[in-house]
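This report concerns only the one structure given below.
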Amino acid sequence: MPEIRTYINMTILKGDKGDRGDKGTPGKAGAEGPPGSRGPMGPKGTKGQAGSPGDACKTQHAAFSVGRRKALHSVDYYQALVFDTVFVNLHEHFNMFKGKFYCYVPGVYFFNVNIHTWNFKETYMHIMHNDQEKVILYAQPSERSIMQSQSIMLSLEQNDEVWVRLYKRERENAVYSDDVDVYITFNGYIIKPSLE
């Protein structure tokens, strides 16, 4: 007898679409991806408030460079050379009224003084460390005025003073300058602080 096979048309039996099922449990996190590209720079912030001033004893910098535009005739046997022009004066360690550098940062310092002599007049001065004469700058009276210089390195403790002193003997002691150019300079700066 011939074999009979039943054919069912599934398209006829297909029902309507069912409701959406409940959300399943989340799976495990995947591997971390590569970092993204850098975003654009944000706007500049506002300026902050100024901080409180630091302790001068903890400041590891010290330097000054001062000049004098006026000539000077020494009228006393001992007279401090004062200055009227500031080129550099970090932290105001150089006192312009007294003509003295005050050490607030102990260490090794370099000092230099430059002057212009006055013809026919003696020039006699010292670089002083506190009340001690350390080096002399001297020029005998001459027909010509010349530039003179003296330098020294000193080991300073806190509150030490370094200054230039004129010393008057029998002759007239003077240094030359004018109101236009600067002929007289005094410079100093720290080379190595004691505490680093």
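To be explicit about the labels: the chains of the structure tokens are called A, B, and onward in the order shown, and within each one the residues are counted from 1, while ligands get numbers from 1 in the order they are shown.
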
Write out as a compact mmCIF listing (two decimals) with all heavy atoms, in the first residue's frame which residues come within 10 Å of stretch 90-107 of chain A when counting only C-alpha atoms, dropping same-chain ones fewer than 2 positions away.
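What landed in out-v2.txt:
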# COMPACT_ATOMS: atom_id res chain seq x y z
N ASP A 55 59.31 82.64 56.51
CA ASP A 55 60.27 83.03 57.55
C ASP A 55 61.58 83.41 56.88
O ASP A 55 62.13 82.64 56.10
CB ASP A 55 60.48 81.86 58.51
CG ASP A 55 61.35 82.24 59.71
OD1 ASP A 55 61.90 83.35 59.70
OD2 ASP A 55 61.47 81.42 60.62
N ALA A 56 62.08 84.61 57.17
CA ALA A 56 63.32 85.07 56.53
C ALA A 56 64.50 84.15 56.85
O ALA A 56 65.42 83.99 56.05
CB ALA A 56 63.65 86.49 56.99
N CYS A 57 64.45 83.50 58.02
CA CYS A 57 65.56 82.62 58.40
C CYS A 57 65.57 81.35 57.55
O CYS A 57 66.60 80.69 57.45
CB CYS A 57 65.46 82.25 59.88
SG CYS A 57 65.65 83.68 60.97
N LYS A 58 64.43 81.00 56.95
CA LYS A 58 64.35 79.79 56.15
C LYS A 58 64.57 80.07 54.68
O LYS A 58 64.60 79.15 53.88
CB LYS A 58 62.99 79.12 56.36
CG LYS A 58 62.78 78.64 57.79
CD LYS A 58 61.44 77.97 57.96
CE LYS A 58 61.24 77.51 59.40
NZ LYS A 58 59.91 76.88 59.60
N THR A 59 64.68 81.35 54.30
CA THR A 59 64.93 81.70 52.92
C THR A 59 66.40 81.45 52.59
O THR A 59 67.29 81.97 53.25
CB THR A 59 64.61 83.19 52.68
OG1 THR A 59 63.25 83.43 53.05
CG2 THR A 59 64.82 83.56 51.23
N GLN A 60 66.65 80.62 51.59
CA GLN A 60 68.01 80.21 51.27
C GLN A 60 68.63 81.06 50.17
O GLN A 60 69.57 80.63 49.52
CB GLN A 60 68.03 78.73 50.88
CG GLN A 60 67.56 77.81 51.99
CD GLN A 60 68.42 77.91 53.24
OE1 GLN A 60 69.63 77.75 53.21
NE2 GLN A 60 67.79 78.22 54.38
N HIS A 61 68.09 82.26 49.94
CA HIS A 61 68.63 83.14 48.91
C HIS A 61 68.94 84.50 49.54
O HIS A 61 68.20 84.99 50.39
CB HIS A 61 67.65 83.32 47.76
CG HIS A 61 67.23 82.04 47.12
ND1 HIS A 61 68.04 81.33 46.26
CD2 HIS A 61 66.10 81.31 47.24
CE1 HIS A 61 67.43 80.24 45.87
NE2 HIS A 61 66.24 80.20 46.45
N ALA A 62 70.04 85.09 49.11
CA ALA A 62 70.40 86.43 49.58
C ALA A 62 71.32 87.05 48.54
O ALA A 62 72.31 86.44 48.13
CB ALA A 62 71.09 86.36 50.94
N ALA A 63 70.98 88.26 48.11
CA ALA A 63 71.81 88.96 47.13
C ALA A 63 71.45 90.44 47.14
O ALA A 63 70.29 90.80 47.37
CB ALA A 63 71.61 88.37 45.73
N PHE A 64 72.44 91.27 46.89
CA PHE A 64 72.18 92.70 46.77
C PHE A 64 73.21 93.32 45.83
O PHE A 64 74.32 92.80 45.65
CB PHE A 64 72.24 93.41 48.14
CG PHE A 64 73.65 93.54 48.70
CD1 PHE A 64 74.41 94.67 48.43
CD2 PHE A 64 74.20 92.53 49.47
CE1 PHE A 64 75.70 94.79 48.93
CE2 PHE A 64 75.48 92.64 49.98
CZ PHE A 64 76.23 93.77 49.71
N SER A 65 72.82 94.41 45.22
CA SER A 65 73.71 95.22 44.40
C SER A 65 73.22 96.66 44.49
O SER A 65 72.10 96.96 44.06
CB SER A 65 73.71 94.74 42.94
OG SER A 65 74.59 95.54 42.16
N VAL A 66 74.04 97.52 45.08
CA VAL A 66 73.64 98.91 45.29
C VAL A 66 74.72 99.84 44.75
O VAL A 66 75.86 99.44 44.54
CB VAL A 66 73.40 99.19 46.79
CG1 VAL A 66 72.19 98.41 47.30
CG2 VAL A 66 74.64 98.84 47.62
N ALA A 80 80.72 105.29 57.57
CA ALA A 80 80.12 104.25 56.73
C ALA A 80 79.78 104.83 55.37
O ALA A 80 79.30 105.96 55.26
CB ALA A 80 78.88 103.69 57.40
N LEU A 81 80.04 104.05 54.34
CA LEU A 81 79.68 104.45 52.99
C LEU A 81 78.24 104.03 52.75
O LEU A 81 77.92 102.84 52.77
CB LEU A 81 80.62 103.79 51.97
CG LEU A 81 80.38 104.12 50.50
CD1 LEU A 81 80.56 105.62 50.24
CD2 LEU A 81 81.33 103.32 49.61
N VAL A 82 77.35 105.00 52.55
CA VAL A 82 75.94 104.70 52.30
C VAL A 82 75.65 104.87 50.82
O VAL A 82 76.41 105.53 50.09
CB VAL A 82 75.01 105.59 53.16
CG1 VAL A 82 75.17 105.26 54.64
CG2 VAL A 82 75.29 107.06 52.91
N PHE A 83 74.53 104.31 50.39
CA PHE A 83 74.21 104.22 48.96
C PHE A 83 72.82 104.79 48.70
O PHE A 83 71.97 104.84 49.60
CB PHE A 83 74.32 102.77 48.49
CG PHE A 83 75.69 102.18 48.72
CD1 PHE A 83 76.02 101.61 49.94
CD2 PHE A 83 76.66 102.24 47.73
CE1 PHE A 83 77.29 101.08 50.16
CE2 PHE A 83 77.93 101.72 47.94
CZ PHE A 83 78.24 101.15 49.16
N ASP A 84 72.59 105.21 47.46
CA ASP A 84 71.32 105.82 47.11
C ASP A 84 70.62 105.17 45.92
O ASP A 84 69.55 105.62 45.50
CB ASP A 84 71.51 107.32 46.82
CG ASP A 84 72.60 107.58 45.78
OD1 ASP A 84 72.81 106.74 44.88
OD2 ASP A 84 73.28 108.62 45.89
N THR A 85 71.22 104.12 45.37
CA THR A 85 70.65 103.47 44.19
C THR A 85 70.60 101.96 44.42
O THR A 85 71.60 101.37 44.83
CB THR A 85 71.50 103.77 42.94
OG1 THR A 85 71.58 105.18 42.76
CG2 THR A 85 70.88 103.13 41.70
N VAL A 86 69.44 101.35 44.16
CA VAL A 86 69.26 99.91 44.33
C VAL A 86 69.15 99.26 42.96
O VAL A 86 68.33 99.66 42.13
CB VAL A 86 68.00 99.60 45.17
CG1 VAL A 86 67.79 98.09 45.25
CG2 VAL A 86 68.11 100.20 46.55
N PHE A 87 69.98 98.26 42.73
CA PHE A 87 69.86 97.43 41.53
C PHE A 87 69.17 96.10 41.89
O PHE A 87 68.25 95.67 41.21
CB PHE A 87 71.24 97.16 40.93
CG PHE A 87 71.97 98.40 40.52
CD1 PHE A 87 73.10 98.81 41.22
CD2 PHE A 87 71.54 99.17 39.46
CE1 PHE A 87 73.77 99.96 40.86
CE2 PHE A 87 72.20 100.33 39.09
CZ PHE A 87 73.34 100.72 39.80
N VAL A 88 69.63 95.48 42.96
CA VAL A 88 69.02 94.25 43.48
C VAL A 88 69.09 94.31 45.00
O VAL A 88 70.13 94.70 45.56
CB VAL A 88 69.77 92.99 42.97
CG1 VAL A 88 69.23 91.73 43.65
CG2 VAL A 88 69.65 92.86 41.46
N TYR A 109 79.56 83.83 51.71
CA TYR A 109 79.15 84.93 50.84
C TYR A 109 80.34 85.48 50.06
O TYR A 109 81.49 85.39 50.49
CB TYR A 109 78.56 86.08 51.66
CG TYR A 109 77.17 85.84 52.17
CD1 TYR A 109 76.94 85.01 53.27
CD2 TYR A 109 76.07 86.45 51.56
CE1 TYR A 109 75.65 84.81 53.74
CE2 TYR A 109 74.79 86.25 52.03
CZ TYR A 109 74.58 85.44 53.12
OH TYR A 109 73.31 85.23 53.59
N MET A 128 84.09 95.77 55.92
CA MET A 128 84.00 95.43 57.33
C MET A 128 83.09 94.22 57.56
O MET A 128 82.04 94.10 56.92
CB MET A 128 83.45 96.63 58.11
CG MET A 128 84.22 97.92 57.94
SD MET A 128 85.84 97.87 58.74
CE MET A 128 85.33 97.76 60.47
N HIS A 129 83.52 93.36 58.48
CA HIS A 129 82.68 92.25 58.96
C HIS A 129 82.39 92.55 60.42
O HIS A 129 83.28 92.42 61.26
CB HIS A 129 83.40 90.92 58.78
CG HIS A 129 82.62 89.75 59.26
ND1 HIS A 129 83.19 88.51 59.45
CD2 HIS A 129 81.31 89.61 59.61
CE1 HIS A 129 82.26 87.66 59.88
NE2 HIS A 129 81.12 88.31 59.99
N ASN A 130 81.15 92.97 60.68
CA ASN A 130 80.80 93.52 62.00
C ASN A 130 81.72 94.71 62.29
O ASN A 130 81.70 95.68 61.55
CB ASN A 130 80.85 92.43 63.07
CG ASN A 130 79.83 91.32 62.82
OD1 ASN A 130 78.74 91.60 62.31
ND2 ASN A 130 80.18 90.09 63.14
N LEU A 154 83.36 85.67 52.69
CA LEU A 154 83.25 85.63 54.14
C LEU A 154 82.25 84.56 54.57
O LEU A 154 81.24 84.35 53.90
CB LEU A 154 82.79 86.98 54.69
CG LEU A 154 83.74 88.16 54.53
CD1 LEU A 154 83.04 89.45 54.95
CD2 LEU A 154 85.01 87.95 55.35
N SER A 155 82.54 83.93 55.68
CA SER A 155 81.60 83.00 56.30
C SER A 155 80.82 83.77 57.35
O SER A 155 81.40 84.26 58.32
CB SER A 155 82.35 81.81 56.92
OG SER A 155 81.44 80.91 57.53
N LEU A 156 79.51 83.88 57.16
CA LEU A 156 78.68 84.72 58.01
C LEU A 156 77.73 83.89 58.87
O LEU A 156 77.22 82.85 58.43
CB LEU A 156 77.86 85.70 57.18
CG LEU A 156 78.63 86.65 56.25
CD1 LEU A 156 77.65 87.61 55.58
CD2 LEU A 156 79.71 87.40 57.00
N GLU A 157 77.50 84.38 60.08
CA GLU A 157 76.48 83.83 60.96
C GLU A 157 75.26 84.76 60.93
O GLU A 157 75.34 85.89 60.43
CB GLU A 157 77.02 83.71 62.38
CG GLU A 157 78.24 82.81 62.52
CD GLU A 157 77.93 81.36 62.20
OE1 GLU A 157 76.76 80.96 62.37
OE2 GLU A 157 78.86 80.63 61.80
N GLN A 158 74.16 84.27 61.47
CA GLN A 158 72.95 85.08 61.48
C GLN A 158 73.18 86.37 62.26
O GLN A 158 73.81 86.37 63.32
CB GLN A 158 71.79 84.29 62.08
CG GLN A 158 70.45 84.99 61.93
CD GLN A 158 69.29 84.10 62.33
OE1 GLN A 158 69.45 82.89 62.45
NE2 GLN A 158 68.14 84.68 62.54
N ASN A 159 72.66 87.47 61.69
CA ASN A 159 72.74 88.83 62.25
C ASN A 159 74.12 89.46 62.10
O ASN A 159 74.35 90.56 62.63
CB ASN A 159 72.31 88.86 63.72
CG ASN A 159 70.86 88.45 63.90
OD1 ASN A 159 70.01 88.78 63.09
ND2 ASN A 159 70.58 87.72 64.97
N ASP A 160 75.06 88.83 61.40
CA ASP A 160 76.32 89.49 61.09
C ASP A 160 76.07 90.67 60.15
O ASP A 160 75.09 90.69 59.39
CB ASP A 160 77.30 88.51 60.42
CG ASP A 160 78.04 87.65 61.44
OD1 ASP A 160 77.84 87.86 62.65
OD2 ASP A 160 78.81 86.76 61.02
N GLU A 161 76.98 91.64 60.17
CA GLU A 161 76.89 92.82 59.32
C GLU A 161 78.12 92.92 58.42
O GLU A 161 79.23 92.64 58.86
CB GLU A 161 76.80 94.09 60.18
CG GLU A 161 75.66 94.10 61.17
CD GLU A 161 75.73 95.30 62.10
OE1 GLU A 161 76.66 96.13 61.93
OE2 GLU A 161 74.88 95.41 62.99
N VAL A 162 77.89 93.31 57.18
CA VAL A 162 78.99 93.57 56.25
C VAL A 162 78.74 94.95 55.63
O VAL A 162 77.65 95.23 55.14
CB VAL A 162 79.09 92.49 55.16
CG1 VAL A 162 80.23 92.82 54.19
CG2 VAL A 162 79.32 91.12 55.79
N TRP A 163 79.77 95.81 55.66
CA TRP A 163 79.60 97.17 55.17
C TRP A 163 80.95 97.73 54.75
O TRP A 163 81.99 97.10 54.93
CB TRP A 163 78.94 98.05 56.25
CG TRP A 163 79.58 97.97 57.62
CD1 TRP A 163 79.59 96.91 58.48
CD2 TRP A 163 80.29 99.02 58.29
NE1 TRP A 163 80.26 97.23 59.64
CE2 TRP A 163 80.69 98.51 59.56
CE3 TRP A 163 80.61 100.33 57.96
CZ2 TRP A 163 81.41 99.28 60.48
CZ3 TRP A 163 81.31 101.11 58.87
CH2 TRP A 163 81.70 100.57 60.12
N VAL A 164 80.93 98.91 54.16
CA VAL A 164 82.14 99.58 53.68
C VAL A 164 82.38 100.81 54.55
O VAL A 164 81.49 101.64 54.73
CB VAL A 164 82.02 99.98 52.20
CG1 VAL A 164 83.30 100.68 51.74
CG2 VAL A 164 81.74 98.76 51.33
N ARG A 165 83.60 100.92 55.07
CA ARG A 165 83.94 102.04 55.96
C ARG A 165 85.09 102.85 55.39
O ARG A 165 86.11 102.31 55.00
CB ARG A 165 84.33 101.50 57.34
CG ARG A 165 84.54 102.59 58.38
CD ARG A 165 85.16 102.03 59.63
NE ARG A 165 86.58 101.68 59.41
CZ ARG A 165 87.35 101.13 60.35
NH1 ARG A 165 86.85 100.84 61.53
NH2 ARG A 165 88.62 100.86 60.09
N PHE A 186 78.45 98.39 45.41
CA PHE A 186 78.72 97.41 46.46
C PHE A 186 77.79 96.23 46.21
O PHE A 186 76.58 96.41 46.09
CB PHE A 186 78.49 98.03 47.83
CG PHE A 186 78.84 97.15 49.00
CD1 PHE A 186 79.87 96.22 48.92
CD2 PHE A 186 78.14 97.24 50.20
CE1 PHE A 186 80.20 95.42 50.00
CE2 PHE A 186 78.47 96.45 51.29
CZ PHE A 186 79.50 95.53 51.18
N ASN A 187 78.37 95.04 46.11
CA ASN A 187 77.61 93.85 45.72
C ASN A 187 77.91 92.70 46.66
O ASN A 187 79.03 92.57 47.18
CB ASN A 187 77.96 93.42 44.29
CG ASN A 187 77.99 94.58 43.32
OD1 ASN A 187 76.97 95.10 42.92
ND2 ASN A 187 79.19 94.99 42.94
N GLY A 188 76.94 91.83 46.84
CA GLY A 188 77.14 90.64 47.66
C GLY A 188 76.07 89.60 47.38
O GLY A 188 74.94 89.95 47.05
N TYR A 189 76.45 88.33 47.48
CA TYR A 189 75.45 87.26 47.31
C TYR A 189 75.96 85.99 47.99
O TYR A 189 77.16 85.79 48.18
CB TYR A 189 75.19 86.99 45.82
CG TYR A 189 76.41 86.68 45.00
CD1 TYR A 189 76.90 85.37 44.88
CD2 TYR A 189 77.08 87.69 44.33
CE1 TYR A 189 78.02 85.10 44.13
CE2 TYR A 189 78.21 87.43 43.56
CZ TYR A 189 78.67 86.11 43.47
OH TYR A 189 79.78 85.85 42.71
N ILE A 190 75.02 85.15 48.37
CA ILE A 190 75.37 83.91 49.05
C ILE A 190 75.85 82.87 48.05
O ILE A 190 75.31 82.75 46.95
CB ILE A 190 74.18 83.38 49.87
CG1 ILE A 190 74.63 82.26 50.82
CG2 ILE A 190 73.03 82.93 48.98
CD1 ILE A 190 73.61 81.92 51.89
N ILE A 191 76.91 82.16 48.40
CA ILE A 191 77.45 81.09 47.57
C ILE A 191 76.94 79.73 48.03
O ILE A 191 76.52 78.90 47.24
CB ILE A 191 78.98 81.12 47.56
CG1 ILE A 191 79.48 82.42 46.96
CG2 ILE A 191 79.56 79.92 46.82
CD1 ILE A 191 80.99 82.60 47.04
N LYS A 192 76.97 79.52 49.37
CA LYS A 192 76.54 78.24 49.92
C LYS A 192 75.92 78.47 51.29
O LYS A 192 76.61 78.89 52.21
CB LYS A 192 77.70 77.27 50.03
CG LYS A 192 77.32 75.88 50.53
CD LYS A 192 78.54 74.98 50.64
CE LYS A 192 78.15 73.56 51.05
NZ LYS A 192 77.44 73.55 52.36
N PRO A 193 74.62 78.21 51.44
CA PRO A 193 74.00 78.34 52.77
C PRO A 193 74.55 77.28 53.70
O PRO A 193 74.95 76.19 53.29
CB PRO A 193 72.51 78.12 52.50
CG PRO A 193 72.34 78.29 51.01
CD PRO A 193 73.64 77.89 50.40
N SER A 194 74.56 77.60 55.00
CA SER A 194 75.02 76.63 55.99
C SER A 194 74.08 75.42 56.08
O SER A 194 74.52 74.30 56.29
CB SER A 194 75.13 77.29 57.37
OG SER A 194 76.08 78.33 57.33
N LEU A 195 72.77 75.67 55.90
CA LEU A 195 71.77 74.60 55.96
C LEU A 195 71.20 74.40 54.58
O LEU A 195 70.56 75.31 54.03
CB LEU A 195 70.65 74.96 56.94
CG LEU A 195 71.09 75.16 58.40
CD1 LEU A 195 69.91 75.58 59.24
CD2 LEU A 195 71.72 73.89 58.96
N GLU A 196 71.44 73.23 53.98
CA GLU A 196 70.91 72.92 52.66
C GLU A 196 70.14 71.61 52.74
O GLU A 196 70.48 70.71 53.48
CB GLU A 196 72.02 72.80 51.63
CG GLU A 196 72.67 74.11 51.28
CD GLU A 196 73.67 73.98 50.14
OE1 GLU A 196 74.39 72.96 50.11
OE2 GLU A 196 73.72 74.88 49.32

Show me, as a VMD selection string, the residues that have an atom within 8 Å of A:Asp178 when counting only C-alpha atoms, minus same-chain residues fewer than 5 positions from it. chain A and resid 69 to 71 183

Looking only at the backbone, which of the residues in stretch 58-112 of chain A does DSSP tag as helix (DSSP H, G or I), as a PyMOL selection string? chain A and resi 58+90-92

Would you mind exporting the chosen residues as an mmCIF file, in the first residue's frame, restricted to N, CA and C atoms?
data_model
loop_
_atom_site.group_PDB
_atom_site.id
_atom_site.type_symbol
_atom_site.label_atom_id
_atom_site.label_comp_id
_atom_site.auth_asym_id
_atom_site.auth_seq_id
_atom_site.Cartn_x
_atom_site.Cartn_y
_atom_site.Cartn_z
ATOM 1 N N LYS A 58 64.431 81.001 56.952
ATOM 2 C CA LYS A 58 64.353 79.794 56.145
ATOM 3 C C LYS A 58 64.570 80.071 54.675
ATOM 4 N N LEU A 90 67.354 91.508 47.415
ATOM 5 C CA LEU A 90 66.437 90.417 47.733
ATOM 6 C C LEU A 90 66.064 90.452 49.206
ATOM 7 N N HIS A 91 64.754 90.411 49.454
ATOM 8 C CA HIS A 91 64.207 90.331 50.814
ATOM 9 C C HIS A 91 64.646 91.502 51.696
ATOM 10 N N GLU A 92 65.160 92.587 51.063
ATOM 11 C CA GLU A 92 65.546 93.793 51.808
ATOM 12 C C GLU A 92 66.590 93.499 52.891
#
